[in-house]
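Participant: Got a structure for you, final-v7.cif, holding mmCIF, C-alpha atoms.
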data_start
#
loop_
_atom_site.label_atom_id
_atom_site.label_comp_id
_atom_site.auth_asym_id
_atom_site.auth_seq_id
_atom_site.Cartn_x
_atom_site.Cartn_y
_atom_site.Cartn_z
CA MET B 17 -27.05 -5.05 -17.56
CA SER B 18 -25.02 -6.92 -15.03
CA LEU B 19 -23.43 -10.24 -15.80
CA ARG B 20 -23.28 -11.10 -12.12
CA SER B 21 -25.58 -13.86 -10.95
CA PRO B 22 -28.38 -12.91 -8.53
CA VAL B 23 -26.97 -15.37 -5.98
CA GLY B 24 -23.51 -13.80 -6.27
CA ARG B 25 -25.00 -10.37 -5.75
CA VAL B 26 -26.93 -11.45 -2.68
CA LEU B 27 -23.82 -13.07 -1.20
CA GLY B 28 -21.82 -9.91 -1.86
CA LEU B 29 -19.39 -11.66 -4.20
CA GLY B 30 -17.57 -10.00 -7.08
CA SER B 31 -16.01 -6.59 -7.49
CA ALA B 32 -16.65 -3.98 -4.81
CA LYS B 33 -15.75 -1.29 -7.41
CA GLU B 34 -13.14 0.07 -5.03
CA GLY B 35 -10.06 -1.36 -6.72
CA ALA B 36 -9.20 1.79 -8.66
CA ALA B 37 -9.31 3.99 -5.55
CA HIS B 38 -7.05 1.54 -3.67
CA TRP B 39 -4.65 1.42 -6.62
CA TRP B 40 -4.47 5.22 -6.84
CA SER B 41 -4.03 5.67 -3.09
CA GLN B 42 -1.13 3.24 -3.18
CA ARG B 43 0.57 5.19 -6.01
CA VAL B 44 -0.06 8.62 -4.51
CA SER B 45 1.31 7.56 -1.13
CA ALA B 46 4.23 5.88 -2.95
CA VAL B 47 5.22 9.13 -4.66
CA ALA B 48 4.96 10.99 -1.35
CA LEU B 49 7.10 8.34 0.34
CA VAL B 50 9.82 8.60 -2.30
CA LEU B 51 10.30 12.23 -1.25
CA LEU B 52 9.72 11.74 2.50
CA GLY B 53 11.86 8.58 2.55
CA LEU B 54 14.81 10.26 0.85
CA TRP B 55 14.49 13.18 3.29
CA PHE B 56 14.49 10.74 6.23
CA ALA B 57 17.55 8.81 5.02
CA ALA B 58 19.45 12.05 4.38
CA ALA B 59 18.37 13.47 7.76
CA LEU B 60 19.66 10.37 9.60
CA LEU B 61 22.99 10.78 7.84
CA CYS B 62 23.17 14.42 8.90
CA LEU B 63 22.66 13.71 12.62
CA ASP B 64 25.85 14.12 14.65
CA ASP B 65 24.93 11.12 16.78
CA PHE B 66 21.85 9.27 18.03
CA SER B 67 21.91 10.61 21.59
CA HIS B 68 18.65 11.64 23.24
CA ALA B 69 19.51 15.35 23.12
CA THR B 70 20.39 15.24 19.42
CA VAL B 71 17.20 13.39 18.48
CA LEU B 72 15.03 15.76 20.56
CA ALA B 73 16.67 18.81 18.98
CA TRP B 74 16.24 17.32 15.50
CA LEU B 75 12.56 16.32 15.86
CA GLY B 76 11.86 19.50 17.82
CA ALA B 77 12.55 21.73 14.82
CA PRO B 78 9.19 22.65 13.21
CA LEU B 79 10.03 21.55 9.64
CA ASN B 80 11.48 18.24 10.82
CA ALA B 81 8.47 17.61 13.05
CA VAL B 82 6.05 18.18 10.17
CA LEU B 83 8.06 16.00 7.76
CA ALA B 84 8.53 13.22 10.34
CA SER B 85 4.78 13.25 11.13
CA LEU B 86 3.98 13.08 7.43
CA LEU B 87 6.50 10.28 6.95
CA ILE B 88 5.10 8.13 9.76
CA GLY B 89 1.48 8.82 8.78
CA THR B 90 2.03 8.17 5.07
CA ALA B 91 4.19 5.10 5.72
CA ALA B 92 1.51 3.61 7.99
CA TYR B 93 -1.13 4.31 5.33
CA HIS B 94 0.95 2.88 2.45
CA SER B 95 1.89 -0.14 4.58
CA GLN B 96 -1.76 -0.78 5.43
CA LEU B 97 -2.68 -0.70 1.73
CA GLY B 98 0.16 -3.07 0.85
CA VAL B 99 -0.37 -5.58 3.67
CA GLN B 100 -4.09 -5.58 2.81
CA VAL B 101 -3.26 -6.89 -0.67
CA VAL B 102 -0.99 -9.57 0.79
CA VAL B 103 -3.72 -10.68 3.21
CA GLU B 104 -6.29 -10.75 0.37
CA ASP B 105 -3.92 -12.83 -1.75
CA TYR B 106 -2.82 -15.42 0.77
CA ILE B 107 -5.66 -15.88 3.26
CA ALA B 108 -8.46 -17.75 1.53
CA ASN B 109 -10.74 -18.38 4.52
CA LYS B 110 -13.25 -15.53 4.70
CA GLY B 111 -13.47 -15.46 8.50
CA TRP B 112 -9.70 -15.40 9.00
CA LYS B 113 -9.38 -12.80 6.26
CA ILE B 114 -11.76 -10.44 8.06
CA VAL B 115 -10.11 -11.01 11.46
CA THR B 116 -6.61 -10.49 10.01
CA MET B 117 -7.69 -7.35 8.13
CA LEU B 118 -9.19 -5.89 11.31
CA LEU B 119 -5.98 -6.57 13.22
CA VAL B 120 -3.81 -5.19 10.42
CA ASN B 121 -5.91 -2.02 10.15
CA PHE B 122 -6.03 -1.45 13.91
CA LEU B 123 -2.27 -1.98 14.22
CA HIS B 124 -1.46 0.43 11.40
CA VAL B 125 -3.74 3.16 12.70
CA ALA B 126 -2.36 2.68 16.23
CA LEU B 127 1.24 2.80 14.97
CA GLY B 128 0.56 5.92 12.92
CA ALA B 129 -1.19 7.62 15.83
CA LEU B 130 1.54 6.74 18.35
CA GLY B 131 4.27 7.85 15.96
CA VAL B 132 2.70 11.20 15.07
CA PHE B 133 1.71 11.83 18.70
CA SER B 134 5.31 11.16 19.83
CA VAL B 135 6.75 13.53 17.24
CA LEU B 136 4.29 16.27 18.24
CA ARG B 137 5.02 15.66 21.91
CA ILE B 138 8.70 16.30 21.19
CA ALA B 139 7.97 19.28 18.93
CA PHE B 140 5.73 20.97 21.50
CA GLY B 141 8.37 20.47 24.15
CA ALA B 142 6.47 18.07 26.39
CA ALA B 143 9.23 15.45 26.22
CA ALA B 144 11.82 15.63 28.99
CA MET N 6 -15.78 -39.65 -25.44
CA ASN N 7 -12.16 -39.20 -24.59
CA SER N 8 -10.89 -41.10 -21.63
CA PRO N 9 -9.59 -38.80 -18.85
CA ALA N 10 -6.04 -40.06 -19.34
CA LYS N 11 -5.94 -38.71 -22.91
CA LEU N 12 -6.97 -35.19 -21.99
CA VAL N 13 -4.08 -32.78 -21.90
CA ARG N 14 -5.34 -29.84 -19.93
CA PRO N 15 -3.38 -26.61 -19.68
CA LEU N 16 -1.70 -26.07 -16.35
CA SER N 17 -2.37 -23.03 -14.19
CA PRO N 18 0.15 -20.28 -14.93
CA PHE N 19 1.92 -20.65 -11.60
CA LEU N 20 2.62 -24.29 -12.40
CA ASN N 21 4.34 -23.75 -15.74
CA TYR N 22 6.16 -20.46 -15.32
CA ARG N 23 9.84 -20.90 -16.02
CA TRP N 24 11.86 -19.41 -13.16
CA GLN N 25 13.31 -16.00 -14.02
CA TYR N 26 15.13 -13.52 -11.83
CA THR N 27 12.55 -10.83 -12.55
CA MET N 28 10.10 -13.05 -10.64
CA ALA N 29 12.43 -13.05 -7.65
CA LEU N 30 12.69 -9.26 -7.86
CA SER N 31 8.91 -8.98 -7.96
CA PHE N 32 8.59 -11.24 -4.95
CA LEU N 33 11.34 -9.30 -3.19
CA HIS N 34 9.30 -6.10 -3.63
CA ARG N 35 6.46 -7.64 -1.68
CA ALA N 36 8.76 -9.23 0.89
CA THR N 37 10.65 -5.98 1.55
CA GLY N 38 7.31 -4.18 1.84
CA CYS N 39 6.16 -6.64 4.50
CA ALA N 40 9.54 -6.36 6.24
CA MET N 41 9.15 -2.60 6.42
CA ALA N 42 5.71 -2.97 7.99
CA VAL N 43 7.65 -4.57 10.85
CA GLY N 44 10.39 -1.95 10.52
CA LEU N 45 7.77 0.76 11.02
CA LEU N 46 7.19 -0.76 14.45
CA LEU N 47 10.86 -0.15 15.33
CA LEU N 48 10.79 3.40 13.92
CA VAL N 49 7.73 4.29 15.98
CA TYR N 50 9.28 2.64 19.06
CA TRP N 51 12.39 4.78 18.58
CA VAL N 52 10.43 8.05 18.29
CA ALA N 53 8.04 7.10 21.10
CA ALA N 54 10.98 6.27 23.37
CA ALA N 55 12.58 9.63 22.59
CA ALA N 56 9.30 11.34 23.48
CA ALA N 57 8.84 9.30 26.66
CA GLY N 58 12.04 10.58 28.27
CA ALA N 59 15.71 9.88 28.96
CA GLU N 60 15.12 6.61 30.79
CA ALA N 61 12.94 5.10 28.05
CA TYR N 62 15.38 6.30 25.41
CA ALA N 63 18.31 4.70 27.23
CA ARG N 64 16.35 1.43 27.29
CA ALA N 65 15.64 1.78 23.57
CA GLN N 66 19.35 2.32 22.93
CA THR N 67 20.21 -0.99 24.59
CA VAL N 68 17.51 -2.67 22.47
CA PHE N 69 18.94 -1.13 19.29
CA ALA N 70 22.46 -2.13 20.33
CA HIS N 71 21.51 -5.83 20.35
CA PRO N 72 23.33 -7.65 17.49
CA LEU N 73 20.11 -9.19 16.18
CA ILE N 74 18.38 -5.82 16.11
CA ARG N 75 21.44 -4.32 14.39
CA LEU N 76 21.17 -7.06 11.77
CA ALA N 77 17.44 -6.34 11.43
CA LEU N 78 18.21 -2.62 10.96
CA ILE N 79 20.58 -3.45 8.11
CA ALA N 80 17.90 -5.69 6.58
CA PHE N 81 15.29 -2.94 7.01
CA SER N 82 17.56 -0.37 5.39
CA PHE N 83 18.12 -2.66 2.40
CA SER N 84 14.36 -3.26 2.27
CA PHE N 85 13.85 0.50 2.31
CA PHE N 86 16.28 1.25 -0.52
CA TYR N 87 15.19 -1.73 -2.63
CA HIS N 88 11.47 -1.03 -2.21
CA LEU N 89 12.10 2.64 -2.97
CA ALA N 90 14.10 1.96 -6.16
CA ASN N 91 11.86 -0.84 -7.37
CA GLY N 92 8.82 1.26 -6.45
CA VAL N 93 10.02 3.98 -8.80
CA ARG N 94 10.49 1.21 -11.43
CA HIS N 95 6.85 0.25 -10.85
CA LEU N 96 5.74 3.88 -11.18
CA PHE N 97 7.46 4.06 -14.57
CA TRP N 98 5.59 0.91 -15.61
CA ASP N 99 2.34 2.44 -14.37
CA ALA N 100 3.04 5.41 -16.66
CA GLY N 101 3.52 2.96 -19.53
CA HIS N 102 7.31 3.07 -19.84
CA GLY N 103 9.99 0.40 -19.61
CA PHE N 104 7.88 -2.61 -20.57
CA GLU N 105 10.30 -3.90 -23.23
CA LYS N 106 11.73 -7.24 -22.11
CA LYS N 107 15.28 -5.96 -22.39
CA THR N 108 14.52 -2.72 -20.53
CA ALA N 109 12.54 -4.46 -17.79
CA ARG N 110 15.39 -6.92 -17.19
CA ALA N 111 18.06 -4.23 -17.19
CA SER N 112 16.07 -2.01 -14.82
CA GLY N 113 15.65 -5.03 -12.56
CA TRP N 114 19.39 -5.48 -12.25
CA LEU N 115 19.84 -1.74 -11.88
CA VAL N 116 17.50 -1.37 -8.89
CA PHE N 117 18.87 -4.47 -7.15
CA ILE N 118 22.53 -3.46 -7.49
CA ALA N 119 21.71 0.16 -6.66
CA ALA N 120 19.87 -0.91 -3.50
CA LEU N 121 22.85 -3.03 -2.38
CA LEU N 122 25.33 -0.23 -3.05
CA VAL N 123 23.25 2.51 -1.42
CA THR N 124 22.65 0.30 1.64
CA ALA N 125 26.40 -0.28 1.97
CA LEU N 126 27.14 3.42 1.47
CA PHE N 127 24.46 4.37 4.00
CA TRP N 128 26.01 2.23 6.76
CA VAL N 129 29.55 3.33 5.95
CA LEU N 130 28.41 6.95 6.30
CA ILE N 131 26.44 6.23 9.50
CA CYS N 132 29.39 4.42 11.08
CA SER N 133 31.87 7.11 10.07
CA ARG N 134 29.60 9.89 11.42
CA VAL N 135 28.63 8.33 14.70
CA SER N 136 31.88 8.32 16.62
CA GLY N 137 30.47 6.98 19.89
CA GLY N 138 28.69 4.14 18.14
CA ALA N 139 25.51 4.97 20.05
CA VAL N 140 23.18 4.04 17.21
#
Starting from the file, give its structure as structure tokens.
Facilitator:
Amino acid sequence: MSLRSPVGRVLGLGSAKEGAAHWWSQRVSAVALVLLGLWFAAALLCLDDFSHATVLAWLGAPLNAVLASLLIGTAAYHSQLGVQVVVEDYIANKGWKIVTMLLVNFLHVALGALGVFSVLRIAFGAAA
Amino acid sequence: MNSPAKLVRPLSPFLNYRWQYTMALSFLHRATGCAMAVGLLLLVYWVAAAAAGAEAYARAQTVFAHPLIRLALIAFSFSFFYHLANGVRHLFWDAGHGFEKKTARASGWLVFIAALLVTALFWVLICSRVSGGAV
């Protein structure tokens, strides 16, 4: 038996039953980012300088390329999940909420794609 | 019937919460998360510029050398370390630990101070390592 009103159900109001999956995804990506984030901070400290040659050599190493790709991809994903909650909390108007969520999702996917593509471009030696 | 003036209705929680620093820490978690969404933009710009070639990277270096961007980088690094430390605090809560008022307050101070110290240490190490200053 559902306690939701027929009108509410027709209008699509109430729980979408997706909260638990969102919550878990946020935690799983958080744990991954603890490790990837610490690696990234340590790696920056280990660079001799931030010249073009140094950065290319660093991101060109296979392990670094994989970790940097994972970092950018996971960070974009975790950020999308987090900003989604902020948008849901603070934007009450349904139309604006949908428009903002679309923009936020597109931007995060685009950022993730550009970041991972750039790392791979360096790793595969296509960067000058 | 009671007249409306006599009714004492309870206020919504956000209207009668007494201000406590743990609230500020909680808000800061969200704020630093949003800040890092913007910081991700800079990180991807940096990597994309490196991939695009020497000219693009040189342009990126002048962007990153701008005082305001430098300031933003310091803010982003604090956001990173605070969100990381407080995120671990949240994960402990999710596992059901550290909910005692005393523990939760102490861990709040711990993550905030730790984030400040690690941020300072991070930049001291960066500045001492990078001799040319070409951050």
Participant: Taking all atoms listed in the file into account, find every residue of chain B that has an atom no more than 7 Å from chain N, and write it out as a PDB file with C-alpha atoms, keeping the file's coordinate frame.
Facilitator:
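The resulting file, result.pdb, is reproduced below:
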ATOM      1  CA  VAL B  50       9.820   8.600  -2.300  1.00  0.00           C
ATOM      2  CA  LEU B  61      22.990  10.780   7.840  1.00  0.00           C
ATOM      3  CA  ASP B  64      25.850  14.120  14.650  1.00  0.00           C
ATOM      4  CA  ASP B  65      24.930  11.120  16.780  1.00  0.00           C
ATOM      5  CA  PHE B  66      21.850   9.270  18.030  1.00  0.00           C
ATOM      6  CA  SER B  67      21.910  10.610  21.590  1.00  0.00           C
ATOM      7  CA  HIS B  68      18.650  11.640  23.240  1.00  0.00           C
ATOM      8  CA  LEU B  72      15.030  15.760  20.560  1.00  0.00           C
ATOM      9  CA  SER B  95       1.890  -0.140   4.580  1.00  0.00           C
ATOM     10  CA  VAL B  99      -0.370  -5.580   3.670  1.00  0.00           C
ATOM     11  CA  LEU B 127       1.240   2.800  14.970  1.00  0.00           C
ATOM     12  CA  GLY B 131       4.270   7.850  15.960  1.00  0.00           C
ATOM     13  CA  SER B 134       5.310  11.160  19.830  1.00  0.00           C
ATOM     14  CA  VAL B 135       6.750  13.530  17.240  1.00  0.00           C
ATOM     15  CA  ARG B 137       5.020  15.660  21.910  1.00  0.00           C
ATOM     16  CA  ILE B 138       8.700  16.300  21.190  1.00  0.00           C
ATOM     17  CA  ALA B 143       9.230  15.450  26.220  1.00  0.00           C
ATOM     18  CA  ALA B 144      11.820  15.630  28.990  1.00  0.00           C
TER      19      ALA B 144
END
Participant: For the file shown, report as an NGL selection string the outcome of the PyMOL selection byres ((chain B and resi 102) around 12) at residue level.
Facilitator: (:B and (95-101 or 103-108 or 113 or 116-117 or 120)) or (:N and (32 or 34-36 or 38-39 or 42))
Participant: Would you write out those residues with C-alpha atoms, as an mmCIF file, in the frame of the given file?
Facilitator:
data_model
loop_
_atom_site.group_PDB
_atom_site.id
_atom_site.type_symbol
_atom_site.label_atom_id
_atom_site.label_comp_id
_atom_site.auth_asym_id
_atom_site.auth_seq_id
_atom_site.Cartn_x
_atom_site.Cartn_y
_atom_site.Cartn_z
ATOM 1 C CA SER B 95 1.890 -0.140 4.580
ATOM 2 C CA GLN B 96 -1.760 -0.780 5.430
ATOM 3 C CA LEU B 97 -2.680 -0.700 1.730
ATOM 4 C CA GLY B 98 0.160 -3.070 0.850
ATOM 5 C CA VAL B 99 -0.370 -5.580 3.670
ATOM 6 C CA GLN B 100 -4.090 -5.580 2.810
ATOM 7 C CA VAL B 101 -3.260 -6.890 -0.670
ATOM 8 C CA VAL B 103 -3.720 -10.680 3.210
ATOM 9 C CA GLU B 104 -6.290 -10.750 0.370
ATOM 10 C CA ASP B 105 -3.920 -12.830 -1.750
ATOM 11 C CA TYR B 106 -2.820 -15.420 0.770
ATOM 12 C CA ILE B 107 -5.660 -15.880 3.260
ATOM 13 C CA ALA B 108 -8.460 -17.750 1.530
ATOM 14 C CA LYS B 113 -9.380 -12.800 6.260
ATOM 15 C CA THR B 116 -6.610 -10.490 10.010
ATOM 16 C CA MET B 117 -7.690 -7.350 8.130
ATOM 17 C CA VAL B 120 -3.810 -5.190 10.420
ATOM 18 C CA PHE N 32 8.590 -11.240 -4.950
ATOM 19 C CA HIS N 34 9.300 -6.100 -3.630
ATOM 20 C CA ARG N 35 6.460 -7.640 -1.680
ATOM 21 C CA ALA N 36 8.760 -9.230 0.890
ATOM 22 C CA GLY N 38 7.310 -4.180 1.840
ATOM 23 C CA CYS N 39 6.160 -6.640 4.500
ATOM 24 C CA ALA N 42 5.710 -2.970 7.990
#
Participant: Take the point (24.0, -3.3, -1.3) in the file's coordinates, draw a sphere of radius 12 Å around it, and report as a list in words every protein, DNA or RNA residue with an atom inside or on it, counting only C-alpha atoms.
Facilitator: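 Residues with an atom at most 12 Å from (24.0, -3.3, -1.3): Ile79, Ala80, Ser82, Phe83, Ser84, Phe85, Phe86, Tyr87, Leu115, Val116, Phe117, Ile118, Ala119, Ala120, Leu121, Leu122, Val123, Thr124, Ala125, Leu126, Phe127, Trp128 and Val129 of chain N.
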Participant: So how far away is atom CA of Gly30 of chain B from atom CA of Lys110 of chain B, in Å?
Facilitator: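 Calculated distance between atom CA of Lys110 of chain B and atom CA of Gly30 of chain B is 13.7 Å.
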Participant: Show me the residues close to (7.8, -0.5, -16.0) - anything with an atom within 12 Å, counting only C-alpha atoms - and format the list as a PyMOL selection string.
Facilitator: chain N and resi 27+31+90-113
Participant: Give as a list of chain:residue names the residues that the PyMOL selection byres ((chain B and resi 73-83) around 7) matches when applied to the coordinates above.
Facilitator: B:Leu52, B:Ala69, B:Thr70, B:Val71, B:Leu72, B:Ala84, B:Ser85, B:Leu86, B:Leu87, B:Val135, B:Leu136, B:Ile138, B:Ala139
Participant: Do you have the atom CA of Arg20 of chain B-atom CA of His38 of chain B distance handy?
Facilitator: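 Calculated distance between atom CA of Arg20 of chain B and atom CA of His38 of chain B is 22.2 Å.
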Participant: What gap, in Å, lies between atom CA of Phe69 of chain N and atom CA of Gly44 of chain N?
Facilitator: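 So the two atoms, atom CA of Phe69 of chain N and atom CA of Gly44 of chain N, lie 12.3 Å apart.
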Participant: For segment 62-80 of chain B, take all atoms listed in the file, fit an axis-aligned box around them, add 5 Å to each of the six sides, then output centre and edge lengths in Å rounded to one decimal, as lines of an AutoDock Vina configuration file.
Facilitator:
center_x = 17.5
center_y = 16.0
center_z = 16.1
size_x = 26.7
size_y = 23.4
size_z = 24.3
Participant: Written as number ranges by chain, which residues does the PyMOL selection byres ((chain B and resi 49) around 10) give for the file shown?
Facilitator: B: 43-48, 50-56, 86-88, 90-91, 94; N: 89, 92
Participant: Could you add whatever atoms are missing so that segment 23-51 of chain B carries N, CA and C atoms, then write the result as a CSV table (one decimal), keeping the file's coordinate frame?
Facilitator:
chain,number,residue,atom,x,y,z
B,23,VAL,N,-27.5,-14.8,-7.2
B,23,VAL,CA,-27.0,-15.4,-6.0
B,23,VAL,C,-25.7,-14.7,-5.6
B,24,GLY,N,-24.8,-14.5,-6.6
B,24,GLY,CA,-23.5,-13.8,-6.3
B,24,GLY,C,-23.7,-12.4,-5.7
B,25,ARG,N,-24.7,-11.7,-6.2
B,25,ARG,CA,-25.0,-10.4,-5.8
B,25,ARG,C,-25.5,-10.4,-4.3
B,26,VAL,N,-26.4,-11.3,-4.0
B,26,VAL,CA,-26.9,-11.4,-2.7
B,26,VAL,C,-25.8,-11.8,-1.7
B,27,LEU,N,-24.9,-12.7,-2.1
B,27,LEU,CA,-23.8,-13.1,-1.2
B,27,LEU,C,-22.7,-12.0,-1.1
B,28,GLY,N,-22.8,-11.0,-1.9
B,28,GLY,CA,-21.8,-9.9,-1.9
B,28,GLY,C,-20.5,-10.3,-2.5
B,29,LEU,N,-20.6,-11.2,-3.5
B,29,LEU,CA,-19.4,-11.7,-4.2
B,29,LEU,C,-19.1,-10.7,-5.4
B,30,GLY,N,-17.9,-10.8,-5.9
B,30,GLY,CA,-17.6,-10.0,-7.1
B,30,GLY,C,-16.9,-8.7,-6.7
B,31,SER,N,-16.7,-7.8,-7.7
B,31,SER,CA,-16.0,-6.6,-7.5
B,31,SER,C,-16.8,-5.6,-6.6
B,32,ALA,N,-16.0,-5.0,-5.7
B,32,ALA,CA,-16.6,-4.0,-4.8
B,32,ALA,C,-16.5,-2.6,-5.5
B,33,LYS,N,-15.9,-2.5,-6.7
B,33,LYS,CA,-15.8,-1.3,-7.4
B,33,LYS,C,-14.9,-0.3,-6.7
B,34,GLU,N,-14.0,-0.8,-5.8
B,34,GLU,CA,-13.1,0.1,-5.0
B,34,GLU,C,-11.7,-0.1,-5.4
B,35,GLY,N,-11.4,-1.0,-6.4
B,35,GLY,CA,-10.1,-1.4,-6.7
B,35,GLY,C,-9.3,-0.2,-7.2
B,36,ALA,N,-9.9,0.7,-8.1
B,36,ALA,CA,-9.2,1.8,-8.7
B,36,ALA,C,-8.8,2.8,-7.6
B,37,ALA,N,-9.6,3.0,-6.6
B,37,ALA,CA,-9.3,4.0,-5.6
B,37,ALA,C,-8.1,3.5,-4.7
B,38,HIS,N,-8.1,2.2,-4.4
B,38,HIS,CA,-7.0,1.5,-3.7
B,38,HIS,C,-5.7,1.7,-4.5
B,39,TRP,N,-5.8,1.4,-5.7
B,39,TRP,CA,-4.6,1.4,-6.6
B,39,TRP,C,-4.1,2.8,-6.6
B,40,TRP,N,-4.9,3.8,-6.8
B,40,TRP,CA,-4.5,5.2,-6.8
B,40,TRP,C,-3.9,5.6,-5.5
B,41,SER,N,-4.5,5.3,-4.4
B,41,SER,CA,-4.0,5.7,-3.1
B,41,SER,C,-2.6,5.1,-2.9
B,42,GLN,N,-2.4,3.9,-3.3
B,42,GLN,CA,-1.1,3.2,-3.2
B,42,GLN,C,-0.1,4.0,-4.0
B,43,ARG,N,-0.4,4.4,-5.2
B,43,ARG,CA,0.6,5.2,-6.0
B,43,ARG,C,0.8,6.6,-5.4
B,44,VAL,N,-0.2,7.3,-5.0
B,44,VAL,CA,-0.1,8.6,-4.5
B,44,VAL,C,0.8,8.6,-3.2
B,45,SER,N,0.5,7.6,-2.3
B,45,SER,CA,1.3,7.6,-1.1
B,45,SER,C,2.7,7.1,-1.5
B,46,ALA,N,2.9,6.3,-2.5
B,46,ALA,CA,4.2,5.9,-3.0
B,46,ALA,C,5.1,7.1,-3.4
B,47,VAL,N,4.5,8.0,-4.2
B,47,VAL,CA,5.2,9.1,-4.7
B,47,VAL,C,5.6,10.0,-3.5
B,48,ALA,N,4.7,10.2,-2.5
B,48,ALA,CA,5.0,11.0,-1.4
B,48,ALA,C,6.1,10.4,-0.6
B,49,LEU,N,6.1,9.0,-0.5
B,49,LEU,CA,7.1,8.3,0.3
B,49,LEU,C,8.5,8.4,-0.3
B,50,VAL,N,8.5,8.5,-1.6
B,50,VAL,CA,9.8,8.6,-2.3
B,50,VAL,C,10.5,9.9,-1.8
B,51,LEU,N,9.7,11.0,-1.7
B,51,LEU,CA,10.3,12.2,-1.2
B,51,LEU,C,10.6,12.2,0.3
